>>> print(open('target_28.cif').read())   # mmCIF, C-alpha atoms
data_query
loop_
_atom_site.label_atom_id
_atom_site.label_comp_id
_atom_site.auth_asym_id
_atom_site.auth_seq_id
_atom_site.Cartn_x
_atom_site.Cartn_y
_atom_site.Cartn_z
CA MET A 1 -20.13 23.01 16.01
CA SER A 2 -19.37 24.22 12.47
CA MET A 3 -19.10 21.83 9.54
CA LYS A 4 -15.51 21.39 8.30
CA ILE A 5 -15.10 21.78 4.55
CA LEU A 6 -11.90 21.06 2.64
CA ILE A 7 -11.69 22.55 -0.88
CA PHE A 8 -9.05 21.34 -3.34
CA GLY A 9 -8.10 23.80 -6.09
CA ASP A 10 -6.77 27.26 -6.86
CA GLY A 11 -8.94 28.24 -9.82
CA PHE A 12 -11.59 30.92 -9.73
CA ILE A 13 -14.42 28.55 -8.72
CA ALA A 14 -12.40 27.20 -5.76
CA ARG A 15 -11.45 30.70 -4.63
CA ASN A 16 -15.03 31.95 -4.87
CA LEU A 17 -16.27 28.90 -2.97
CA HIS A 18 -13.73 29.53 -0.24
CA LEU A 19 -14.82 33.15 0.18
CA PHE A 20 -18.55 32.38 0.02
CA LEU A 21 -18.70 29.34 2.30
CA ASN A 22 -16.43 30.78 4.96
CA LYS A 23 -19.27 31.73 7.30
CA GLU A 24 -20.49 30.91 10.80
CA ASN A 25 -21.81 27.39 10.15
CA PHE A 26 -18.83 26.34 8.00
CA SER A 27 -15.11 26.09 8.72
CA VAL A 28 -13.45 26.17 5.29
CA ILE A 29 -9.88 25.34 4.29
CA LEU A 30 -8.56 25.83 0.75
CA ILE A 31 -5.75 23.53 -0.38
CA SER A 32 -3.89 24.57 -3.52
CA ARG A 33 -0.45 24.42 -5.11
CA LYS A 34 0.53 27.31 -2.83
CA THR A 35 -0.24 25.33 0.34
CA ILE A 36 2.74 23.90 2.20
CA VAL A 37 2.17 20.28 3.19
CA GLY A 38 5.02 18.86 5.23
CA SER A 39 8.16 20.44 3.82
CA SER A 40 6.95 21.18 0.28
CA HIS A 41 4.05 22.57 -1.72
CA PHE A 42 0.88 20.52 -2.16
CA ASP A 43 0.79 18.27 -5.23
CA PHE A 44 -2.61 16.85 -6.24
CA PHE A 45 -0.91 13.90 -7.93
CA ASP A 46 1.00 12.98 -4.76
CA LEU A 47 -1.53 10.73 -3.06
CA ASN A 48 0.51 10.64 0.14
CA LYS A 49 0.08 14.40 0.44
CA VAL A 50 -3.64 14.11 -0.32
CA GLN A 51 -3.99 11.43 2.33
CA SER A 52 -2.05 13.43 4.92
CA VAL A 53 -4.14 16.57 4.33
CA ILE A 54 -7.42 14.69 4.82
CA GLN A 55 -6.12 12.87 7.88
CA GLU A 56 -4.85 16.12 9.40
CA TYR A 57 -8.02 18.20 8.88
CA ARG A 58 -10.62 15.41 9.21
CA PRO A 59 -13.19 17.28 7.08
CA ASP A 60 -16.92 16.55 7.01
CA ILE A 61 -17.01 17.56 3.35
CA VAL A 62 -14.40 17.49 0.58
CA ILE A 63 -14.98 19.60 -2.53
CA ASN A 64 -12.70 18.91 -5.49
CA THR A 65 -12.42 21.51 -8.26
CA ILE A 66 -9.01 20.46 -9.64
CA TRP A 67 -8.75 19.56 -13.33
CA ASN A 68 -6.79 20.57 -16.42
CA THR A 69 -8.30 23.85 -17.71
CA GLU A 70 -5.58 25.20 -20.02
CA LEU A 71 -7.75 26.97 -22.61
CA LYS A 72 -5.84 26.04 -25.77
CA SER A 73 -5.26 22.38 -24.93
CA TYR A 74 -7.65 21.11 -22.26
CA ALA A 75 -10.27 19.58 -24.60
CA HIS A 76 -7.93 17.04 -26.19
CA SER A 77 -5.03 16.81 -23.74
CA SER A 78 -3.93 13.41 -22.46
CA LEU A 79 -3.52 15.10 -19.05
CA ASN A 80 -7.26 14.61 -18.64
CA LEU A 81 -6.58 10.92 -18.06
CA ASP A 82 -4.20 11.76 -15.21
CA TYR A 83 -6.72 14.08 -13.57
CA ALA A 84 -9.44 11.46 -13.96
CA LEU A 85 -7.37 8.75 -12.27
CA THR A 86 -6.29 11.03 -9.42
CA THR A 87 -9.85 12.25 -8.81
CA VAL A 88 -11.00 8.64 -8.47
CA LYS A 89 -8.12 8.01 -6.04
CA LEU A 90 -9.19 11.09 -4.06
CA ALA A 91 -12.70 9.64 -3.80
CA GLU A 92 -11.22 6.35 -2.53
CA ILE A 93 -9.23 8.24 0.11
CA CYS A 94 -12.38 10.11 1.19
CA ILE A 95 -14.21 6.78 1.58
CA GLN A 96 -11.32 5.25 3.56
CA ASN A 97 -11.35 8.24 5.90
CA ARG A 98 -15.16 8.27 6.23
CA VAL A 99 -15.59 11.77 4.83
CA LYS A 100 -19.35 12.31 5.02
CA HIS A 101 -19.79 14.07 1.67
CA PHE A 102 -17.56 14.21 -1.41
CA ILE A 103 -18.42 16.81 -4.07
CA SER A 104 -16.59 16.90 -7.39
CA PHE A 105 -17.08 19.10 -10.43
CA GLY A 106 -18.06 17.66 -13.76
CA SER A 107 -18.84 19.66 -16.91
CA SER A 108 -21.77 20.42 -19.17
CA ALA A 109 -19.49 19.18 -21.99
CA GLU A 110 -20.33 15.64 -20.85
CA TYR A 111 -23.69 16.06 -22.62
CA GLY A 112 -22.04 16.83 -25.96
CA GLU A 113 -21.28 20.00 -27.88
CA SER A 114 -24.85 20.93 -28.83
CA PRO A 115 -27.44 18.90 -26.90
CA GLY A 116 -29.86 21.79 -26.32
CA ALA A 117 -31.65 21.65 -22.96
CA CYS A 118 -29.94 19.31 -20.47
CA ASP A 119 -31.31 17.54 -17.42
CA ALA A 120 -29.07 15.27 -15.35
CA GLU A 121 -32.07 13.08 -14.56
CA GLN A 122 -32.99 12.46 -18.19
CA THR A 123 -30.41 13.63 -20.75
CA VAL A 124 -28.02 10.99 -22.10
CA CYS A 125 -24.37 12.02 -21.98
CA LYS A 126 -22.56 11.99 -25.33
CA PRO A 127 -19.05 13.32 -24.65
CA GLU A 128 -17.19 14.43 -27.78
CA SER A 129 -13.69 15.22 -26.44
CA ILE A 130 -11.09 13.57 -24.23
CA TYR A 131 -11.91 16.17 -21.58
CA ALA A 132 -15.64 15.42 -21.61
CA GLN A 133 -15.15 11.64 -21.81
CA SER A 134 -12.66 11.71 -18.93
CA LYS A 135 -15.09 13.68 -16.79
CA PHE A 136 -17.93 11.28 -17.57
CA ASP A 137 -15.81 8.18 -16.95
CA THR A 138 -14.66 9.67 -13.63
CA TYR A 139 -18.27 10.19 -12.55
CA LEU A 140 -19.19 6.59 -13.42
CA ARG A 141 -16.22 5.16 -11.52
CA ILE A 142 -16.79 7.24 -8.40
CA SER A 143 -20.52 6.54 -8.44
CA GLY A 144 -19.70 2.83 -8.44
CA LEU A 145 -17.37 3.26 -5.46
CA TYR A 146 -20.08 4.97 -3.40
CA GLU A 147 -22.82 2.42 -4.14
CA SER A 148 -21.75 0.16 -1.27
CA THR A 149 -21.20 2.95 1.27
CA GLN A 150 -23.47 5.02 3.50
CA LEU A 151 -21.50 8.13 2.51
CA ARG A 152 -22.70 10.90 0.21
CA PHE A 153 -21.33 11.71 -3.26
CA THR A 154 -22.39 14.59 -5.52
CA TRP A 155 -21.25 15.20 -9.11
CA VAL A 156 -21.92 18.79 -10.20
CA ARG A 157 -22.07 19.63 -13.91
CA VAL A 158 -21.46 23.37 -14.21
CA PHE A 159 -22.53 25.11 -17.39
CA GLN A 160 -20.74 28.26 -18.65
CA PRO A 161 -19.12 29.71 -15.51
CA TYR A 162 -17.80 33.23 -15.16
CA GLY A 163 -16.72 35.34 -12.23
CA PHE A 164 -14.17 37.17 -10.22
CA TYR A 165 -10.57 35.80 -10.46
CA GLN A 166 -11.26 34.05 -13.79
CA ASP A 167 -8.41 33.85 -16.31
CA VAL A 168 -8.54 36.85 -18.64
CA SER A 169 -8.18 34.54 -21.64
CA ARG A 170 -11.68 33.19 -20.99
CA PHE A 171 -14.59 34.63 -22.96
CA ILE A 172 -16.29 37.07 -20.56
CA PRO A 173 -13.10 38.39 -18.86
CA HIS A 174 -11.51 38.74 -22.33
CA VAL A 175 -14.45 40.78 -23.64
CA ILE A 176 -14.42 43.01 -20.55
CA GLU A 177 -10.67 43.57 -20.88
CA CYS A 178 -10.97 44.45 -24.59
CA PHE A 179 -13.71 47.00 -23.96
CA ARG A 180 -11.93 48.55 -20.96
CA THR A 181 -8.59 48.90 -22.74
CA GLY A 182 -9.88 49.73 -26.23
CA ARG A 183 -8.34 46.61 -27.78
CA GLU A 184 -9.99 45.16 -30.86
CA LEU A 185 -12.44 42.38 -30.10
CA VAL A 186 -12.99 39.76 -32.80
CA LEU A 187 -16.01 37.59 -32.07
CA GLU A 188 -15.33 34.23 -33.71
CA ASP A 189 -18.47 32.49 -32.50
CA ALA A 190 -21.44 34.86 -32.37
CA ASN A 191 -24.19 32.27 -32.69
CA SER A 192 -23.54 29.78 -29.92
CA GLN A 193 -26.25 29.83 -27.24
CA LEU A 194 -24.86 29.00 -23.83
CA ASP A 195 -26.04 29.11 -20.22
CA TRP A 196 -23.86 31.61 -18.34
CA ILE A 197 -23.75 31.18 -14.55
CA ALA A 198 -21.93 33.54 -12.16
CA SER A 199 -19.41 32.03 -9.75
CA ILE A 200 -21.29 33.48 -6.77
CA ASP A 201 -24.36 31.52 -7.90
CA ILE A 202 -22.26 28.39 -8.33
CA SER A 203 -21.19 28.87 -4.71
CA ARG A 204 -24.80 29.40 -3.65
CA GLY A 205 -25.77 26.24 -5.50
CA ILE A 206 -23.08 24.24 -3.69
CA GLU A 207 -24.32 25.61 -0.36
CA PHE A 208 -27.84 24.44 -1.28
CA ILE A 209 -26.51 20.99 -2.15
CA ILE A 210 -24.64 20.73 1.16
CA GLU A 211 -27.69 21.71 3.20
CA ASN A 212 -30.34 19.69 1.34
CA ASP A 213 -31.08 16.16 0.16
CA THR A 214 -30.28 16.25 -3.55
CA PRO A 215 -29.67 13.71 -6.36
CA GLU A 216 -26.18 12.33 -6.98
CA VAL A 217 -25.78 14.24 -10.27
CA LEU A 218 -26.83 17.87 -10.63
CA ASP A 219 -26.67 20.65 -13.23
CA ILE A 220 -25.84 24.21 -12.15
CA GLY A 221 -26.97 26.86 -14.60
CA THR A 222 -29.68 29.45 -15.11
CA SER A 223 -31.72 27.60 -17.80
CA VAL A 224 -31.45 30.74 -19.98
CA PRO A 225 -29.44 30.28 -23.22
CA LEU A 226 -27.92 33.46 -24.65
CA TYR A 227 -26.13 34.05 -27.95
CA ASN A 228 -22.48 35.02 -27.54
CA SER A 229 -23.30 38.21 -29.44
CA GLU A 230 -25.93 39.03 -26.78
CA VAL A 231 -23.37 38.47 -24.04
CA VAL A 232 -20.97 40.89 -25.75
CA ASN A 233 -23.67 43.56 -26.00
CA VAL A 234 -24.56 43.20 -22.30
CA ILE A 235 -20.90 43.62 -21.36
CA ALA A 236 -20.57 46.64 -23.64
CA ARG A 237 -23.50 48.34 -21.88
CA LYS A 238 -22.12 47.59 -18.43
CA VAL A 239 -18.65 48.97 -19.17
CA GLY A 240 -19.99 51.90 -21.19
CA ALA A 241 -18.54 50.80 -24.54
CA PRO A 242 -20.29 51.09 -27.93
CA THR A 243 -22.28 47.89 -28.56
CA ARG A 244 -20.75 47.60 -32.03
CA GLN A 245 -17.14 47.96 -30.91
CA HIS A 246 -16.29 44.49 -32.19
CA GLN A 247 -15.91 42.52 -35.41
CA VAL A 248 -17.54 39.22 -36.24
CA SER A 249 -14.90 36.89 -37.68
CA ASP A 250 -15.39 35.30 -41.09
CA VAL A 251 -13.93 32.09 -39.68
CA ALA A 252 -16.63 29.43 -39.66
CA THR A 253 -17.09 27.80 -36.25
CA GLN A 254 -19.53 25.15 -35.13
CA SER A 255 -22.17 26.91 -33.03
CA ARG A 256 -23.27 25.24 -29.80
CA ILE A 257 -26.58 25.22 -27.95
CA ARG A 258 -26.25 23.96 -24.39
CA PHE A 259 -28.25 25.01 -21.35
CA VAL A 260 -29.93 23.65 -18.23
CA SER A 261 -33.46 22.37 -18.69
CA ASN A 262 -36.28 24.07 -16.79
CA SER A 263 -37.12 20.65 -15.37
CA SER A 264 -33.67 20.09 -13.78
CA PHE A 265 -33.65 19.48 -10.05
CA LEU A 266 -31.85 22.66 -8.96
CA ILE A 267 -33.93 24.88 -11.23
CA ARG A 268 -37.09 23.40 -9.67
CA ASN A 269 -35.86 23.86 -6.11
CA TRP A 270 -33.36 26.74 -6.14
CA THR A 271 -33.08 30.08 -7.93
CA PRO A 272 -29.82 31.74 -9.08
CA GLN A 273 -29.39 35.25 -7.71
CA PHE A 274 -28.15 36.82 -10.96
CA ASN A 275 -29.34 36.93 -14.53
CA LEU A 276 -26.59 37.88 -17.00
CA GLU A 277 -27.23 41.64 -16.70
CA GLN A 278 -26.90 41.48 -12.92
CA GLY A 279 -23.98 39.08 -13.01
CA ILE A 280 -21.96 41.23 -15.41
CA GLU A 281 -22.70 44.32 -13.33
CA TRP A 282 -21.47 42.47 -10.22
CA LEU A 283 -18.33 41.31 -12.05
CA VAL A 284 -17.50 44.67 -13.64
CA SER A 285 -17.91 46.49 -10.31
CA ASN A 286 -15.52 44.00 -8.67
CA VAL A 287 -12.98 44.42 -11.49
CA GLN A 288 -13.13 48.20 -11.14
CA LYS A 289 -12.46 47.99 -7.40
CA ASN A 290 -9.29 45.93 -7.85
#
>>> encode(input="target_28.cif", output="structure tokens")
Amino acid sequence: MSMKILIFGDGFIARNLHLFLNKENFSVILISRKTIVGSSHFDFFDLNKVQSVIQEYRPDIVINTIWNTELKSYAHSSLNLDYALTTVKLAEICIQNRVKHFISFGSSAEYGESPGACDAEQTVCKPESIYAQSKFDTYLRISGLYESTQLRFTWVRVFQPYGFYQDVSRFIPHVIECFRTGRELVLEDANSQLDWIASIDISRGIEFIIENDTPEVLDIGTSVPLYNSEVVNVIARKVGAPTRQHQVSDVATQSRIRFVSNSSFLIRNWTPQFNLEQGIEWLVSNVQKN
């Protein structure tokens, strides 16, 4: 009998997870704002609807991807506190309904803006925004809830994700769109070194977590930090644009260095399918098809 997985969310990670995990050994249901529950659309903040969905589908695994991700405001928005509280309530509902495994998405931002190499088993979290602090506090509260249960909880800190269906305002989709349409690209932060991970590899990592005994907290990344300027040049090559078809802004920004340590659990036991060259080629080919 296939394992029943319930995914909450309608962002690009949730949609990619739904497509990837929907295979023979998994029965996957995606619940988003477009889903009708009862007589109205699903509302993550309506705990009665959350409860009814879990009681109706009786999933073995619940994966929560829902959080505030509005690019211009998410880092310092008070909405983070609402998402934090509701995510904890979701965990409580999963425990009450004996859901075997609850997976929720954290963020590499929990480690701080520029911690260098990060390892969930060793690196101390130093959140520097309401978003990061809310994520970290949510992890601590849910971890405490699961201590006295025989159920499984996994907190996944994703590094710099990119992929199909991602909002075009985000860095990699924005660069691709600028090069494809001939719009001017102004690179405001050329010197940050970040760990870019394709959404298909995030999905593969989640599959590995589901099927294996893993620690409670995990980092998903490639362990390869790349300058933003390098990322732009890779994209330019893949879309056939001149590598210097962009300007570097004179605006001073604080550069970040944040990537998964080579000693992290997943890196030791699992290998991402794509490096950046391969991931951008995969993404650009999908964009061109649609």
>>> resolve_selection(input="target_28.cif", expression="the PyMOL selection byres ((chain A and resi 164) around 8)", output="list in words")
Phe12, Asn16, Tyr162, Gly163, Tyr165, Gln166, Ser199, Leu283, Asn286 and Val287 of chain A
>>> write_last_selection(input="target_28.cif", atoms="C-alpha atoms", output="PDB file, keeping the file's coordinate frame")
ATOM      1  CA  PHE A  12     -11.590  30.920  -9.730  1.00  0.00           C
ATOM      2  CA  ASN A  16     -15.030  31.950  -4.870  1.00  0.00           C
ATOM      3  CA  TYR A 162     -17.800  33.230 -15.160  1.00  0.00           C
ATOM      4  CA  GLY A 163     -16.720  35.340 -12.230  1.00  0.00           C
ATOM      5  CA  TYR A 165     -10.570  35.800 -10.460  1.00  0.00           C
ATOM      6  CA  GLN A 166     -11.260  34.050 -13.790  1.00  0.00           C
ATOM      7  CA  SER A 199     -19.410  32.030  -9.750  1.00  0.00           C
ATOM      8  CA  LEU A 283     -18.330  41.310 -12.050  1.00  0.00           C
ATOM      9  CA  ASN A 286     -15.520  44.000  -8.670  1.00  0.00           C
ATOM     10  CA  VAL A 287     -12.980  44.420 -11.490  1.00  0.00           C
TER      11      VAL A 287
END
>>> atom_distance(input="target_28.cif", atom1="CA of Asn228 in chain A", atom2="CA of Phe171 in chain A")
9.1 Å
>>> residues_around(input="target_28.cif", residues="range 266-275 of chain A", least_positions_apart="4", cutoff="9 Å", atoms="all atoms listed in the file", output="count of residues only")
24
>>> closest_residue(input="target_28.cif", among="A:Val186, A:Leu276, A:Ile5, A:Val156", to="Asp119 in chain A", atoms="all atoms listed in the file")
A:Val156
>>> resolve_selection(input="target_28.cif", expression="the PyMOL selection byres ((chain A and resi 63-77) around 8)", output="short mmCIF file (atom, residue, chain, number, x, y, z; two decimals) with C-alpha atoms, keeping the file's coordinate frame")
data_model
loop_
_atom_site.label_atom_id
_atom_site.label_comp_id
_atom_site.auth_asym_id
_atom_site.auth_seq_id
_atom_site.Cartn_x
_atom_site.Cartn_y
_atom_site.Cartn_z
CA ILE A 5 -15.10 21.78 4.55
CA LEU A 6 -11.90 21.06 2.64
CA ILE A 7 -11.69 22.55 -0.88
CA PHE A 8 -9.05 21.34 -3.34
CA GLY A 9 -8.10 23.80 -6.09
CA ASP A 10 -6.77 27.26 -6.86
CA GLY A 11 -8.94 28.24 -9.82
CA ILE A 13 -14.42 28.55 -8.72
CA ALA A 14 -12.40 27.20 -5.76
CA ILE A 61 -17.01 17.56 3.35
CA VAL A 62 -14.40 17.49 0.58
CA SER A 78 -3.93 13.41 -22.46
CA LEU A 79 -3.52 15.10 -19.05
CA ASN A 80 -7.26 14.61 -18.64
CA TYR A 83 -6.72 14.08 -13.57
CA THR A 87 -9.85 12.25 -8.81
CA PHE A 102 -17.56 14.21 -1.41
CA ILE A 103 -18.42 16.81 -4.07
CA SER A 104 -16.59 16.90 -7.39
CA PHE A 105 -17.08 19.10 -10.43
CA SER A 129 -13.69 15.22 -26.44
CA ILE A 130 -11.09 13.57 -24.23
CA TYR A 131 -11.91 16.17 -21.58
CA ALA A 132 -15.64 15.42 -21.61
CA SER A 169 -8.18 34.54 -21.64
CA ARG A 170 -11.68 33.19 -20.99
#
>>> residues_around(input="target_28.cif", residues="Lys23 in chain A", least_positions_apart="2", cutoff="12 Å", atoms="only C-alpha atoms", output="ChimeraX atom specification")
/A:2-5,17-21,25-29,207
>>> build_atoms(input="target_28.cif", residues="range 253-268 of chain A", atoms="N, CA and C atoms", output="compact mmCIF listing (two decimals), keeping the file's coordinate frame")
# COMPACT_ATOMS: atom_id res chain seq x y z
N THR A 253 -17.21 28.65 -37.43
CA THR A 253 -17.09 27.80 -36.25
C THR A 253 -18.42 27.07 -36.04
N GLN A 254 -18.32 25.93 -35.40
CA GLN A 254 -19.53 25.15 -35.13
C GLN A 254 -20.24 25.75 -33.92
N SER A 255 -21.43 26.29 -34.12
CA SER A 255 -22.17 26.91 -33.03
C SER A 255 -22.72 25.83 -32.10
N ARG A 256 -22.78 26.18 -30.81
CA ARG A 256 -23.27 25.24 -29.80
C ARG A 256 -24.55 25.77 -29.17
N ILE A 257 -25.42 24.86 -28.75
CA ILE A 257 -26.58 25.22 -27.95
C ILE A 257 -26.60 24.27 -26.76
N ARG A 258 -26.37 24.82 -25.57
CA ARG A 258 -26.25 23.96 -24.39
C ARG A 258 -26.67 24.74 -23.16
N PHE A 259 -27.75 24.29 -22.52
CA PHE A 259 -28.25 25.01 -21.35
C PHE A 259 -29.01 24.04 -20.44
N VAL A 260 -29.24 24.48 -19.21
CA VAL A 260 -29.93 23.65 -18.23
C VAL A 260 -31.42 23.66 -18.50
N SER A 261 -32.02 22.49 -18.48
CA SER A 261 -33.46 22.37 -18.69
C SER A 261 -34.24 22.98 -17.53
N ASN A 262 -35.40 23.53 -17.84
CA ASN A 262 -36.28 24.07 -16.79
C ASN A 262 -36.74 23.00 -15.82
N SER A 263 -36.65 21.73 -16.23
CA SER A 263 -37.12 20.65 -15.37
C SER A 263 -36.01 20.07 -14.48
N SER A 264 -34.78 20.59 -14.60
CA SER A 264 -33.67 20.09 -13.78
C SER A 264 -33.93 20.33 -12.30
N PHE A 265 -33.37 19.46 -11.48
CA PHE A 265 -33.65 19.48 -10.05
C PHE A 265 -33.38 20.83 -9.41
N LEU A 266 -32.18 21.39 -9.63
CA LEU A 266 -31.85 22.66 -8.96
C LEU A 266 -32.75 23.80 -9.42
N ILE A 267 -33.07 23.82 -10.72
CA ILE A 267 -33.93 24.88 -11.23
C ILE A 267 -35.32 24.80 -10.60
N ARG A 268 -35.78 23.58 -10.32
CA ARG A 268 -37.09 23.40 -9.67
C ARG A 268 -37.06 23.81 -8.21
